[in-house]
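Here the structure comes first, spelled out in structure tokens, and everything after it is commentary.
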Amino acid sequence: MKNVVIAMALVFGLNVAYAQEKKDTYQLDGDLIEAVLYHDNGEVAQMGTYDKKGVLHGDWISFDREGNIRSVGHYENGKKVGTWRFYVADEMREVTYTDAKIVQVDTWKIVESRLVTN
């Protein structure tokens, strides 16, 4: 029994150490740098691309510590463009940007995996 407890503790310890060892990754893909950034618990925090100058450019997704999507959107030359979706509790907010300014916000209530206008 003592050996089982020690083995379980060792496996648990290795899993915790592995999760904490995940480092942010950056990979060159043509003119863009693909980034994957991690929370300290090992879950992905954000994924997206930068240009070679370090300016946000392209699609970005952010996640909470449990791995749930919190926002999805697009950057052009460091500015938010188009429609972004933000997920907060039981709501989804669609925020539309033009010239890096908010021009429209629509809020949707999430009810039993369905969206309902608020």
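Each chain of the structure tokens is named A, B, ... in the order shown, its residues numbered from 1; ligands are numbered from 1 in display order.
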Set the distance at 12 Å and use only C-alpha atoms: which residues neighbour Trp84 of chain A once local chain neighbours fewer than 5 positions away are removed? I'd like the list as a PDB file with C-alpha atoms, in the first residue's frame.
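So the final result, stored in part26.pdb, reads:
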```pdb
ATOM      1  CA  ASP A  59      -6.363  36.092 -35.659  1.00  0.00           C
ATOM      2  CA  TRP A  60      -6.133  35.863 -31.861  1.00  0.00           C
ATOM      3  CA  ILE A  61      -7.920  33.606 -29.403  1.00  0.00           C
ATOM      4  CA  SER A  62      -7.702  33.898 -25.638  1.00  0.00           C
ATOM      5  CA  ARG A  70     -12.900  34.005 -23.670  1.00  0.00           C
ATOM      6  CA  SER A  71     -12.325  36.067 -26.844  1.00  0.00           C
ATOM      7  CA  VAL A  72     -11.845  35.614 -30.577  1.00  0.00           C
ATOM      8  CA  GLY A  73     -10.861  38.378 -32.956  1.00  0.00           C
ATOM      9  CA  HIS A  74      -8.525  39.803 -35.552  1.00  0.00           C
ATOM     10  CA  TYR A  75      -5.759  42.413 -35.486  1.00  0.00           C
ATOM     11  CA  LYS A  79      -5.413  47.391 -34.125  1.00  0.00           C
ATOM     12  CA  MET A  92     -21.469  36.525 -25.618  1.00  0.00           C
ATOM     13  CA  ARG A  93     -20.702  40.071 -26.688  1.00  0.00           C
ATOM     14  CA  GLU A  94     -20.051  40.834 -30.331  1.00  0.00           C
ATOM     15  CA  VAL A  95     -18.030  44.025 -30.579  1.00  0.00           C
ATOM     16  CA  THR A  96     -17.482  45.508 -34.033  1.00  0.00           C
ATOM     17  CA  TYR A  97     -14.443  47.714 -34.632  1.00  0.00           C
ATOM     18  CA  THR A  98     -13.815  50.192 -37.445  1.00  0.00           C
ATOM     19  CA  ALA A 100      -9.745  50.672 -34.098  1.00  0.00           C
ATOM     20  CA  ILE A 102     -15.963  50.377 -31.252  1.00  0.00           C
ATOM     21  CA  VAL A 103     -18.889  51.032 -33.584  1.00  0.00           C
ATOM     22  CA  GLN A 104     -21.370  48.427 -32.387  1.00  0.00           C
ATOM     23  CA  VAL A 105     -21.909  46.081 -29.447  1.00  0.00           C
ATOM     24  CA  ASP A 106     -24.466  43.276 -29.437  1.00  0.00           C
ATOM     25  CA  THR A 107     -24.998  41.140 -26.354  1.00  0.00           C
TER      26      THR A 107
END
```
* **Nearest to Glu43 of chain A by atom-to-atom distance, counting only C-alpha atoms, from A:Phe63, A:Trp108, A:Leu56, A:Gln27** => A:Phe63
* Would you mind telling me which residue in A:Tyr38, A:Tyr87, A:Tyr26, A:Tyr50 lies nearest to Arg65 of chain A when using only C-alpha atoms? =>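 The shortest atom-to-atom distance to Arg65 of chain A comes from A:Tyr38.
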* Asked: Quick one: residues within 12 Å of Leu28 of chain A, only C-alpha atoms counted, chain neighbours fewer than 3 positions away excluded, as a list of chain:residue names?
  -> A:Thr25, A:Asp31, A:Leu32, A:Ile33, A:Glu34, A:Ala35, A:Gly48, A:Thr49, A:Tyr50, A:Asp51, A:Lys52, A:Gly54
Writer output for current selection, all heavy atoms, as a short mmCIF file (atom, residue, chain, number, x, y, z; two decimals), in the first residue's frame:
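Contents of the output file selection-v5.cif:
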```
data_model
loop_
_atom_site.label_atom_id
_atom_site.label_comp_id
_atom_site.auth_asym_id
_atom_site.auth_seq_id
_atom_site.Cartn_x
_atom_site.Cartn_y
_atom_site.Cartn_z
N THR A 25 5.59 29.62 -26.73
CA THR A 25 6.30 29.24 -27.95
C THR A 25 6.06 30.26 -29.05
O THR A 25 4.99 30.86 -29.13
CB THR A 25 5.86 27.85 -28.46
OG1 THR A 25 4.47 27.87 -28.77
CG2 THR A 25 6.14 26.76 -27.44
N ASP A 31 6.02 35.67 -43.03
CA ASP A 31 6.27 36.99 -42.47
C ASP A 31 5.69 37.17 -41.07
O ASP A 31 5.77 38.26 -40.51
CB ASP A 31 5.67 38.06 -43.40
CG ASP A 31 6.44 38.18 -44.70
OD1 ASP A 31 7.64 37.82 -44.73
OD2 ASP A 31 5.85 38.63 -45.70
N LEU A 32 5.09 36.12 -40.54
CA LEU A 32 4.45 36.23 -39.23
C LEU A 32 5.09 35.27 -38.22
O LEU A 32 5.67 34.26 -38.60
CB LEU A 32 2.95 35.91 -39.33
CG LEU A 32 2.12 36.87 -40.18
CD1 LEU A 32 0.68 36.38 -40.28
CD2 LEU A 32 2.15 38.28 -39.60
N ILE A 33 4.93 35.61 -36.96
CA ILE A 33 5.40 34.77 -35.87
C ILE A 33 4.17 34.23 -35.16
O ILE A 33 3.35 35.00 -34.65
CB ILE A 33 6.27 35.58 -34.89
CG1 ILE A 33 7.49 36.11 -35.62
CG2 ILE A 33 6.66 34.72 -33.68
CD1 ILE A 33 8.25 37.17 -34.85
N GLU A 34 4.01 32.91 -35.17
CA GLU A 34 2.89 32.27 -34.48
C GLU A 34 3.27 32.11 -33.01
O GLU A 34 4.32 31.56 -32.70
CB GLU A 34 2.58 30.92 -35.10
CG GLU A 34 2.08 31.00 -36.52
CD GLU A 34 1.80 29.64 -37.14
OE1 GLU A 34 2.12 28.60 -36.51
OE2 GLU A 34 1.29 29.62 -38.26
N ALA A 35 2.38 32.59 -32.13
CA ALA A 35 2.65 32.53 -30.70
C ALA A 35 1.60 31.69 -29.99
O ALA A 35 0.42 31.74 -30.33
CB ALA A 35 2.66 33.94 -30.12
N GLY A 48 -2.02 33.33 -31.34
CA GLY A 48 -2.18 34.31 -32.41
C GLY A 48 -0.86 34.59 -33.10
O GLY A 48 0.12 33.87 -32.91
N THR A 49 -0.85 35.65 -33.91
CA THR A 49 0.35 35.96 -34.68
C THR A 49 0.76 37.42 -34.52
O THR A 49 -0.07 38.31 -34.30
CB THR A 49 0.13 35.66 -36.18
OG1 THR A 49 -1.05 36.32 -36.63
CG2 THR A 49 0.01 34.17 -36.43
N TYR A 50 2.07 37.62 -34.65
CA TYR A 50 2.70 38.93 -34.65
C TYR A 50 3.40 39.10 -36.00
O TYR A 50 3.77 38.12 -36.64
CB TYR A 50 3.83 39.00 -33.62
CG TYR A 50 3.46 38.82 -32.18
CD1 TYR A 50 3.42 37.57 -31.59
CD2 TYR A 50 3.20 39.94 -31.40
CE1 TYR A 50 3.13 37.42 -30.25
CE2 TYR A 50 2.92 39.80 -30.05
CZ TYR A 50 2.88 38.54 -29.48
OH TYR A 50 2.60 38.40 -28.16
N ASP A 51 3.67 40.35 -36.35
CA ASP A 51 4.58 40.54 -37.48
C ASP A 51 6.00 40.51 -36.92
O ASP A 51 6.21 40.36 -35.71
CB ASP A 51 4.27 41.82 -38.27
CG ASP A 51 4.52 43.11 -37.50
OD1 ASP A 51 5.20 43.09 -36.44
OD2 ASP A 51 4.04 44.15 -37.97
N LYS A 52 7.00 40.64 -37.78
CA LYS A 52 8.40 40.51 -37.34
C LYS A 52 8.84 41.66 -36.44
O LYS A 52 9.87 41.59 -35.79
CB LYS A 52 9.32 40.39 -38.54
CG LYS A 52 9.16 39.05 -39.24
CD LYS A 52 10.11 38.91 -40.40
CE LYS A 52 9.93 37.57 -41.08
NZ LYS A 52 10.83 37.40 -42.22
N GLY A 54 6.95 42.61 -33.95
CA GLY A 54 6.29 42.36 -32.68
C GLY A 54 4.91 42.99 -32.56
O GLY A 54 4.35 43.06 -31.47
#
```
* DSSP alpha helix (DSSP H) selection over segment 14-118 of chain A, as a PyMOL selection string -> chain A and resi 14-21
